[in-house]
Every structure is written in C-alpha cells, then in structure tokens.
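Dumped structure-v4.csv below, it's CSV, C-alpha atoms:
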chain,number,residue,atom,x,y,z
R,252,MET,CA,138.3,96.2,27.9
R,253,TYR,CA,137.1,93.5,30.3
R,254,HIS,CA,134.0,93.5,32.6
R,255,ARG,CA,133.3,90.1,34.2
R,256,PHE,CA,135.3,87.1,35.2
R,257,SER,CA,134.3,83.5,35.9
R,258,ASP,CA,136.6,81.1,33.9
R,259,ARG,CA,140.1,81.4,35.3
R,260,ALA,CA,141.5,78.8,32.9
R,261,ALA,CA,140.2,80.7,29.9
R,262,LEU,CA,141.5,84.0,31.2
R,263,ALA,CA,144.9,82.3,31.8
R,264,ARG,CA,145.1,81.3,28.1
R,265,GLN,CA,144.3,84.9,27.1
R,266,CYS,CA,147.0,86.2,29.4
R,267,ALA,CA,149.5,83.8,28.0
R,268,HIS,CA,148.7,85.0,24.5
R,269,ILE,CA,149.1,88.7,25.6
R,270,ARG,CA,152.4,87.9,27.3
R,271,LYS,CA,153.7,86.1,24.2
R,272,HIS,CA,152.6,88.6,21.6
R,273,TYR,CA,152.3,92.0,23.3
R,274,TYR,CA,154.0,94.3,25.8
R,275,PRO,CA,151.6,95.0,28.7
R,276,VAL,CA,151.8,98.5,30.1
R,277,SER,CA,149.8,100.4,32.7
R,278,MET,CA,147.5,103.3,32.1
R,279,ALA,CA,150.0,105.5,33.9
R,280,THR,CA,152.5,104.6,31.2
R,281,VAL,CA,149.9,105.3,28.5
R,282,SER,CA,149.3,108.7,30.0
R,283,GLN,CA,153.0,109.5,30.0
R,284,TRP,CA,153.3,108.5,26.4
R,285,LEU,CA,150.3,110.5,25.3
R,286,HIS,CA,151.5,113.6,27.1
R,287,GLY,CA,155.0,113.3,25.7
R,288,GLY,CA,156.8,111.9,28.7
R,289,CYS,CA,158.0,108.6,27.3
R,290,SER,CA,157.9,106.3,24.3
R,291,LEU,CA,156.1,103.0,24.2
R,292,PRO,CA,157.6,99.7,23.1
R,293,PRO,CA,156.2,97.9,20.1
R,294,TYR,CA,152.9,96.1,20.6
R,295,ALA,CA,152.2,97.9,23.8
R,296,LEU,CA,148.8,96.9,25.3
R,297,ALA,CA,146.9,98.1,28.4
R,298,VAL,CA,144.3,96.0,30.2
R,299,THR,CA,141.3,97.8,31.7
R,300,VAL,CA,138.3,96.5,33.6
R,301,ASP,CA,135.0,98.3,33.9
R,302,ASP,CA,132.4,98.7,36.8
R,303,GLY,CA,134.0,97.1,39.8
R,304,TYR,CA,132.4,93.6,40.2
R,305,ASN,CA,133.7,91.3,43.0
R,306,ASP,CA,134.6,88.5,40.5
R,307,PHE,CA,137.6,90.5,39.6
R,308,GLN,CA,139.2,89.9,43.0
R,309,GLU,CA,138.2,86.2,42.9
R,310,ALA,CA,138.8,85.2,39.3
R,311,GLY,CA,140.5,88.1,37.4
R,312,TYR,CA,143.2,89.7,39.4
R,313,PRO,CA,145.0,86.4,40.5
R,314,VAL,CA,145.5,85.5,36.9
R,315,PHE,CA,146.6,88.9,35.7
R,316,ALA,CA,149.1,88.9,38.7
R,317,GLU,CA,150.4,85.5,37.8
R,318,TYR,CA,151.3,86.7,34.3
R,319,GLY,CA,152.6,90.1,35.5
R,320,ILE,CA,150.0,92.1,33.5
R,321,PRO,CA,149.2,95.5,35.0
R,322,VAL,CA,145.4,96.3,35.2
R,323,THR,CA,143.4,99.5,35.6
R,324,MET,CA,139.9,99.1,37.0
R,325,PHE,CA,137.2,101.8,36.7
R,326,LEU,CA,134.8,102.0,39.6
R,327,ALA,CA,131.1,103.1,39.6
R,328,THR,CA,131.2,104.4,43.2
R,329,ASP,CA,127.5,104.3,44.2
R,330,PHE,CA,127.6,100.6,43.2
R,331,LEU,CA,130.5,99.9,45.6
R,332,ASP,CA,128.8,102.1,48.3
R,333,GLY,CA,125.8,99.8,48.1
R,334,LYS,CA,123.5,102.7,47.2
R,335,SER,CA,122.2,100.9,44.2
R,336,TRP,CA,123.2,98.1,41.9
R,337,LEU,CA,123.8,98.8,38.3
R,338,TRP,CA,120.6,99.5,36.3
R,339,PHE,CA,121.3,97.2,33.4
R,340,ASP,CA,121.9,94.3,35.8
R,341,ARG,CA,118.6,95.0,37.5
R,342,ILE,CA,116.8,94.8,34.1
R,343,VAL,CA,118.5,91.5,33.2
R,344,TYR,CA,117.9,90.1,36.7
R,345,ALA,CA,114.2,91.0,36.6
R,346,PHE,CA,113.7,89.1,33.3
R,347,ARG,CA,115.7,86.1,34.4
R,348,ARG,CA,113.5,85.8,37.5
R,349,ALA,CA,110.2,86.7,35.8
R,350,THR,CA,107.3,84.5,36.9
R,351,VAL,CA,105.1,85.4,33.9
R,352,SER,CA,105.1,83.7,30.5
R,353,ALA,CA,104.5,86.9,28.6
R,354,ALA,CA,104.9,90.7,29.2
R,355,SER,CA,103.9,93.9,27.6
R,356,ILE,CA,106.0,97.0,28.4
R,357,GLN,CA,105.0,100.6,27.5
R,358,MET,CA,108.0,102.5,26.3
R,359,PRO,CA,108.3,106.3,26.9
R,360,ALA,CA,107.9,107.1,23.1
R,361,GLY,CA,104.4,105.6,23.2
R,362,SER,CA,105.1,102.2,21.6
R,363,THR,CA,104.3,98.9,23.5
R,364,LEU,CA,106.7,96.0,23.4
R,365,HIS,CA,105.4,92.5,23.7
R,366,PHE,CA,107.6,89.6,24.9
R,367,LYS,CA,107.1,85.9,25.3
R,368,LEU,CA,109.1,84.6,28.3
R,369,GLU,CA,108.4,80.9,28.0
R,370,SER,CA,112.0,79.7,28.4
R,371,ASP,CA,115.2,80.6,30.3
R,372,ALA,CA,116.9,81.5,27.1
R,373,ALA,CA,114.0,83.8,26.1
R,374,ARG,CA,114.1,85.6,29.4
R,375,ARG,CA,117.8,86.1,29.3
R,376,ALA,CA,117.7,87.4,25.7
R,377,THR,CA,114.8,89.7,26.3
R,378,GLY,CA,116.4,91.1,29.4
R,379,GLN,CA,119.6,91.9,27.5
R,380,HIS,CA,117.6,93.4,24.6
R,381,LEU,CA,115.6,95.7,26.9
R,382,ALA,CA,118.8,96.8,28.7
R,383,ASP,CA,120.3,97.7,25.3
R,384,LEU,CA,117.2,99.7,24.4
R,385,ALA,CA,117.2,101.5,27.7
R,386,VAL,CA,120.6,103.0,27.0
R,387,SER,CA,119.0,105.5,24.7
R,388,LEU,CA,116.3,106.6,27.2
R,389,PRO,CA,116.4,109.9,29.1
R,390,PRO,CA,117.6,109.2,32.7
R,391,ALA,CA,114.1,109.7,34.3
R,392,ASP,CA,112.4,107.4,31.8
R,393,ARG,CA,115.1,104.7,32.3
R,394,HIS,CA,114.7,105.0,36.1
R,395,LYS,CA,110.9,104.6,35.7
R,396,LEU,CA,111.3,101.6,33.4
R,397,VAL,CA,113.6,99.8,35.9
R,398,ALA,CA,111.3,100.7,38.8
R,399,ASP,CA,108.2,99.3,37.0
R,400,LEU,CA,109.7,96.0,35.9
R,401,PRO,CA,109.2,94.1,39.2
R,402,SER,CA,105.4,94.6,39.1
R,403,ILE,CA,105.2,93.8,35.4
R,404,LEU,CA,107.3,90.7,35.7
R,405,LYS,CA,106.0,89.6,39.1
R,406,VAL,CA,109.5,89.4,40.6
R,407,ALA,CA,110.9,90.5,43.9
R,408,MET,CA,114.0,92.7,43.5
R,409,PRO,CA,116.5,92.6,46.3
R,410,PRO,CA,117.6,96.1,47.5
R,411,GLN,CA,121.3,95.1,47.4
R,412,ALA,CA,123.1,93.4,44.5
R,413,PRO,CA,122.7,89.6,44.6
R,414,PRO,CA,125.8,87.4,44.7
R,415,GLU,CA,126.2,87.2,40.9
R,416,TYR,CA,126.2,91.0,40.7
R,417,GLN,CA,128.2,91.8,43.8
R,418,PRO,CA,130.6,94.7,43.8
R,419,LEU,CA,134.0,94.8,45.3
R,420,SER,CA,134.2,96.1,48.9
R,421,TRP,CA,136.3,99.1,49.5
R,422,ASP,CA,138.6,96.9,51.7
R,423,ALA,CA,139.2,94.8,48.6
R,424,VAL,CA,139.9,97.9,46.5
R,425,ARG,CA,142.5,99.0,49.0
R,426,SER,CA,144.1,95.6,49.1
R,427,LEU,CA,144.2,95.4,45.3
R,428,ALA,CA,145.6,98.9,45.1
R,429,ALA,CA,148.4,97.9,47.5
R,430,SER,CA,149.1,94.9,45.2
R,431,GLY,CA,149.5,97.2,42.2
R,432,VAL,CA,146.1,97.5,40.6
R,433,GLU,CA,145.4,101.1,39.4
R,434,PHE,CA,141.9,102.4,40.0
R,435,GLY,CA,140.0,105.0,38.0
R,436,ALA,CA,136.6,106.6,38.1
R,437,HIS,CA,133.5,105.4,36.2
R,438,THR,CA,130.9,107.9,37.5
R,439,LYS,CA,128.7,107.3,40.5
R,440,THR,CA,125.6,105.7,39.0
R,441,HIS,CA,126.7,104.7,35.5
R,442,PRO,CA,124.4,107.1,33.6
R,443,ILE,CA,124.6,107.9,29.9
R,444,LEU,CA,126.5,111.2,30.3
R,445,SER,CA,125.3,112.8,27.1
R,446,ALA,CA,121.7,112.5,28.4
R,447,LEU,CA,122.5,114.6,31.5
R,448,ALA,CA,121.2,118.1,30.9
R,449,ASP,CA,122.2,119.6,34.3
R,450,PRO,CA,125.8,120.7,34.3
R,451,GLN,CA,126.0,120.2,38.1
R,452,GLU,CA,124.7,116.6,37.8
R,453,LEU,CA,127.3,116.0,35.2
R,454,ARG,CA,130.1,117.3,37.4
R,455,GLU,CA,128.9,115.3,40.4
R,456,GLU,CA,128.9,112.1,38.4
R,457,ILE,CA,132.4,112.7,37.1
R,458,ALA,CA,134.2,114.7,39.8
R,459,GLY,CA,132.2,113.1,42.6
R,460,SER,CA,133.2,109.6,41.6
R,461,LYS,CA,136.8,110.7,41.3
R,462,ALA,CA,136.7,112.2,44.8
R,463,ARG,CA,135.0,109.1,46.3
R,464,VAL,CA,137.8,106.8,45.0
R,465,GLU,CA,140.4,109.2,46.2
R,466,SER,CA,138.9,109.3,49.6
R,467,GLU,CA,139.1,105.6,50.0
R,468,LEU,CA,142.6,105.2,48.5
R,469,ASP,CA,144.2,108.4,49.6
R,470,ARG,CA,145.9,108.9,46.3
R,471,PRO,CA,145.1,110.8,43.1
R,472,VAL,CA,142.7,109.3,40.6
R,473,LEU,CA,143.8,110.3,37.1
R,474,HIS,CA,141.9,108.0,34.7
R,475,PHE,CA,138.3,108.0,33.7
R,476,CYS,CA,135.9,105.6,31.9
R,477,TYR,CA,132.8,106.9,30.1
R,478,PRO,CA,129.7,104.7,30.8
R,479,ASN,CA,128.6,102.7,27.8
R,480,GLY,CA,131.4,104.5,26.0
R,481,LYS,CA,130.1,105.2,22.5
R,482,MET,CA,130.7,108.7,21.2
R,483,HIS,CA,127.0,109.5,21.2
R,484,ASP,CA,126.9,108.4,24.9
R,485,ILE,CA,129.6,110.9,25.9
R,486,GLY,CA,129.2,114.4,24.5
R,487,GLN,CA,131.5,117.3,24.6
R,488,ALA,CA,130.2,118.6,27.9
R,489,ALA,CA,131.2,115.3,29.6
R,490,ALA,CA,134.7,115.3,28.0
R,491,ASP,CA,135.1,118.9,29.2
R,492,ALA,CA,134.0,117.9,32.7
R,493,VAL,CA,136.5,115.1,32.8
R,494,ARG,CA,139.3,117.5,31.8
R,495,ALA,CA,138.2,120.0,34.4
R,496,ALA,CA,138.2,117.3,37.1
R,497,GLY,CA,141.9,116.8,36.6
R,498,MET,CA,142.0,113.5,34.8
R,499,GLN,CA,144.9,112.7,32.6
R,500,THR,CA,143.1,110.1,30.3
R,501,ALA,CA,139.6,108.9,29.5
R,502,VAL,CA,138.6,105.7,27.7
R,503,THR,CA,135.7,105.0,25.5
R,504,ALA,CA,134.1,101.8,24.2
R,505,GLU,CA,134.8,102.8,20.6
R,506,PRO,CA,136.8,99.9,19.0
R,507,GLY,CA,140.2,100.5,17.6
R,508,LEU,CA,143.9,101.0,18.3
R,509,ASN,CA,145.5,104.2,19.6
R,510,GLN,CA,148.2,106.2,17.9
R,511,VAL,CA,150.5,108.8,19.4
R,512,HIS,CA,148.3,111.6,18.1
R,513,GLN,CA,145.2,110.1,19.8
R,514,ASP,CA,143.2,112.5,22.0
R,515,ALA,CA,144.0,111.4,25.6
R,516,PHE,CA,140.3,111.9,26.5
R,517,PHE,CA,138.9,109.7,23.8
R,518,LEU,CA,141.0,106.6,23.9
R,519,ARG,CA,139.7,103.6,21.9
R,520,ARG,CA,139.5,100.1,23.4
R,521,ILE,CA,139.0,96.6,22.3
R,522,GLY,CA,136.2,94.7,24.1
R,523,VAL,CA,137.1,91.2,25.1
R,524,ASP,CA,135.7,88.5,27.5
R,525,PRO,CA,137.2,85.3,28.9
R,526,SER,CA,134.5,83.4,27.2
R,527,HIS,CA,135.8,84.4,23.7
R,528,GLU,CA,137.1,81.5,21.5
R,529,GLU,CA,140.9,81.6,21.3
R,530,MET,CA,141.3,82.5,17.7
R,531,TYR,CA,138.5,85.1,17.9
R,532,PHE,CA,140.3,86.6,20.9
R,533,ALA,CA,143.7,86.7,19.1
R,534,ARG,CA,142.2,88.3,16.0
R,535,THR,CA,140.3,90.9,18.0
R,536,VAL,CA,143.2,91.9,20.2
R,537,ALA,CA,145.3,92.3,17.1
R,538,GLY,CA,142.7,94.9,15.8
R,539,LEU,CA,141.5,92.7,13.0
R,540,GLY,CA,137.9,93.1,11.9
R,541,LEU,CA,137.2,96.0,14.3
R,542,GLN,CA,134.2,98.2,13.2
Could the structure of this file be written out as structure tokens, please?
Amino acid sequence: MYHRFSDRAALARQCAHIRKHYYPVSMATVSQWLHGGCSLPPYALAVTVDDGYNDFQEAGYPVFAEYGIPVTMFLATDFLDGKSWLWFDRIVYAFRRATVSAASIQMPAGSTLHFKLESDAARRATGQHLADLAVSLPPADRHKLVADLPSILKVAMPPQAPPEYQPLSWDAVRSLAASGVEFGAHTKTHPILSALADPQELREEIAGSKARVESELDRPVLHFCYPNGKMHDIGQAAADAVRAAGMQTAVTAEPGLNQVHQDAFFLRRIGVDPSHEEMYFARTVAGLGLQ
C-alpha cells in the first residue's frame, strides 16, 4: 500500500527487492485467485496506490514500469474532479502555513486543544496529529473543523489543491490505463464510511465513485479501497454497498498477509513508503512485525 512518491531512486531499490524476492501480480489476478479461477505462484505480491496524487505519474509509475511491476491505483473522484482537495491534506497544509505561534481549537466533544506552533517541525507534527484525531469525528464536525482552521491559524487556503497535493488529471489516468495501470474506486470525497448514517450517501460515495471512473475509462471498475481502511472505519453497511455496486475485491489498511480463505472484500495490506529504510522495508513486506 503506497500513497505518495518523490524519491525515484529509493523506489527503484524497493522495486528491485520486490522483483528479486516476490512474484508481482495484478489485482485482477488476485481477484481470480480469490474467486477460484486460478492459483497464485509462491510469494505473490500486489502493489496498490491510494488516492490519486499526480506524483504517481511523475515519480511512481515510471519506476514500476521499468521493473515490470503491475499497479492498481484507487481514485478519490471528487479530488480528481477538482471539487475539493483531500480533507486531511487541508488540515496539514493549514498548520504548515500557520502565521500564529500558538492556537487553541475547540473540539466537538467540548474539550479545547492548545498547540504551540513555534517551529516548522511543530507545525507539521501538530497538523498530522489533528488530522489523525479528525478521522474519528462525525462528517459534519470534521467539515466544520477543516472550515474553521484558516481563521484560527490566519492562513489563506487555496480553493484548488496546491502543487504538492495535486491530483492526477483524467487525461493522465487514461494514459496510464492505456499503459497497463489498473484503476479502482476510493469513494468520491474520502469519508470515513462507518460514520455515514444515510444509506443513500453511502451508496453515492461507493457506487458514485465507481461510475465516475468508469465514465472516464469506458471499462468496468472492479476493485475498491476503503478510506482510512481500519475495520472500525468501514462497517458492514459499507462492505455490503461495495458488493452491491458490483466490485470483485475491496482492500483495507489492516496489516497482514492474505490467504486463500480471505474474504475478497476485506483484503489486508502492508503499508510502505519510498522513504522507508531498506531493511525496514524488507522486513515489513515479508510480513514481519505486523500488528
């Protein structure tokens, strides 16, 4: 499970390791295996990428292609449509650009959080911390929190994603698809699905994102990725909606390996990043130390 790409040399070292020790397969092949249509070779490994950032085209795909490693990317479609940039990026961006040295933020539960923002490191760490906390908020409360941050932190928020958070264009998606990249759906707005009480909203996030990708690629979309991806972020209603939408697989962010008896709609993944130290990457991909 990858997200972002910047260091092509580091990614190349990881791809070389994958090629040496594993057998890269596509999610289409994984689906066939899970549904009894084929067997997998030993040490089979599928590479997935979440969200749809533009750096995949610039620094990710060329390296995977060089090493002949198939990739499936899951797209948050409102992000690509330019309707909004991802809410957690907006939180991190607001703190990184904060022009105040301290801030107090009223949380929906009634508590007040106080932050010192006297260094770049403190602003970055605080932004990530608040983004992590916001995962558990109801959608309306999270939306209000994100909307209030610019005035609290005295920062101007651009309406479109700035360069470091830029999504792929649909033209790029079509070009990558023509080159062999498989695309799946990752909802429209990247909500925490278990927090959506309205069944229609849940269906729109899931089936709506699938339909949007299909409309751009003119081919079926069969694989889904749950936002945030922990079991408490998903819920049975979301899994049922994914099945009803006609997906063949769905991936979580729960760490671990997948066996032949694994539920195709709750596939485990191993989170990695090009910045990971080489031995740590090797141990993690092997499934060692996963919690």
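Taking atom CA of Ile320 of chain R and atom CA of Gly459 of chain R as the two end points, the separation is 29.0 Å.
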key: Point-to-point distance from atom CA of Ile403 of chain R to atom CA of Leu381 of chain R, Å rounded to tenths   =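 Rounded to one decimal, the two atoms are 13.6 Å apart.
Counting all atoms listed in the file and comparing R:Pro389, R:Pro409, R:Pro418, R:Pro478, the residue that lies closest to Gln308 of chain R is R:Pro418.
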key: Distance query segment 272-279 of chain R at most 8 Å, all atoms listed in the file, self and fewer than 3 positions along chain excluded, as a list in words   =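 What passes the distance filter is His268, Ile269, Ser282, Gln283, Pro292, Pro293, Tyr294, Ala295, Leu296, Ala297, Val298, Ile320, Pro321, Val322, Thr323, Glu433 and His474 of chain R.
Among the candidates R:Asp484, R:Glu528, R:Leu427, R:Gly303, the one nearest to Asp332 of chain R when counting only C-alpha atoms is R:Gly303.
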ask   = Out of R:Cys266, R:Leu419, R:Ala382, R:Ile443, which residue has the shortest atom-to-atom distance to Thr328 of chain R when counting all atoms listed in the file?
value =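 For Thr328 of chain R, the nearest of the candidates is R:Leu419.
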task = Identify, on the basis of all atoms listed in the file, every residue whose closest approach to Leu473 of chain R does not exceed 7 Å; exclude the query and any residue fewer than 4 positions from it along the same chain; express the result as a VMD selection string.
result = chain R and resid 435 497 to 500
ask   = Got a sec: who's within 12 Å of Ile342 of chain R, counting all atoms listed in the file, leaving out chain neighbours fewer than 5 positions off, as a VMD selection string?
value = chain R and resid 336 to 337 347 to 349 374 to 386 393 to 401 403 to 404 406 408
query = Which one is closest to Val281 of chain R: R:Glu529, R:Asp514, R:Glu456, R:Glu415? Count only C-alpha atoms.
reply = R:Asp514
ask   = Using only C-alpha atoms, which residue out of R:Thr438, R:Ser466, R:Asn479, R:Ser387 lies closest to Val424 of chain R?
value = R:Ser466
request  = State, in Å with one decimal place, the distance from atom CA of Lys461 of chain R to atom CA of Lys481 of chain R.
outcome  =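 Distance between the two atoms: 20.7 Å.
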ask   = Neighbours of segment 486-490 of chain R within 12 Å (all atoms listed in the file; same-chain residues fewer than 6 positions away dropped), as a PyMOL selection string?
value = chain R and resi 438+442-458+475-478+480+496-503+514-518
query = Could you pull the residues within 10 Å of His365 of chain R, counting only C-alpha atoms, minus those fewer than 6 positions along the same chain, as a list in words?
reply = Ala353, Ala354, Ser355, Ile356 and Gln357 of chain R
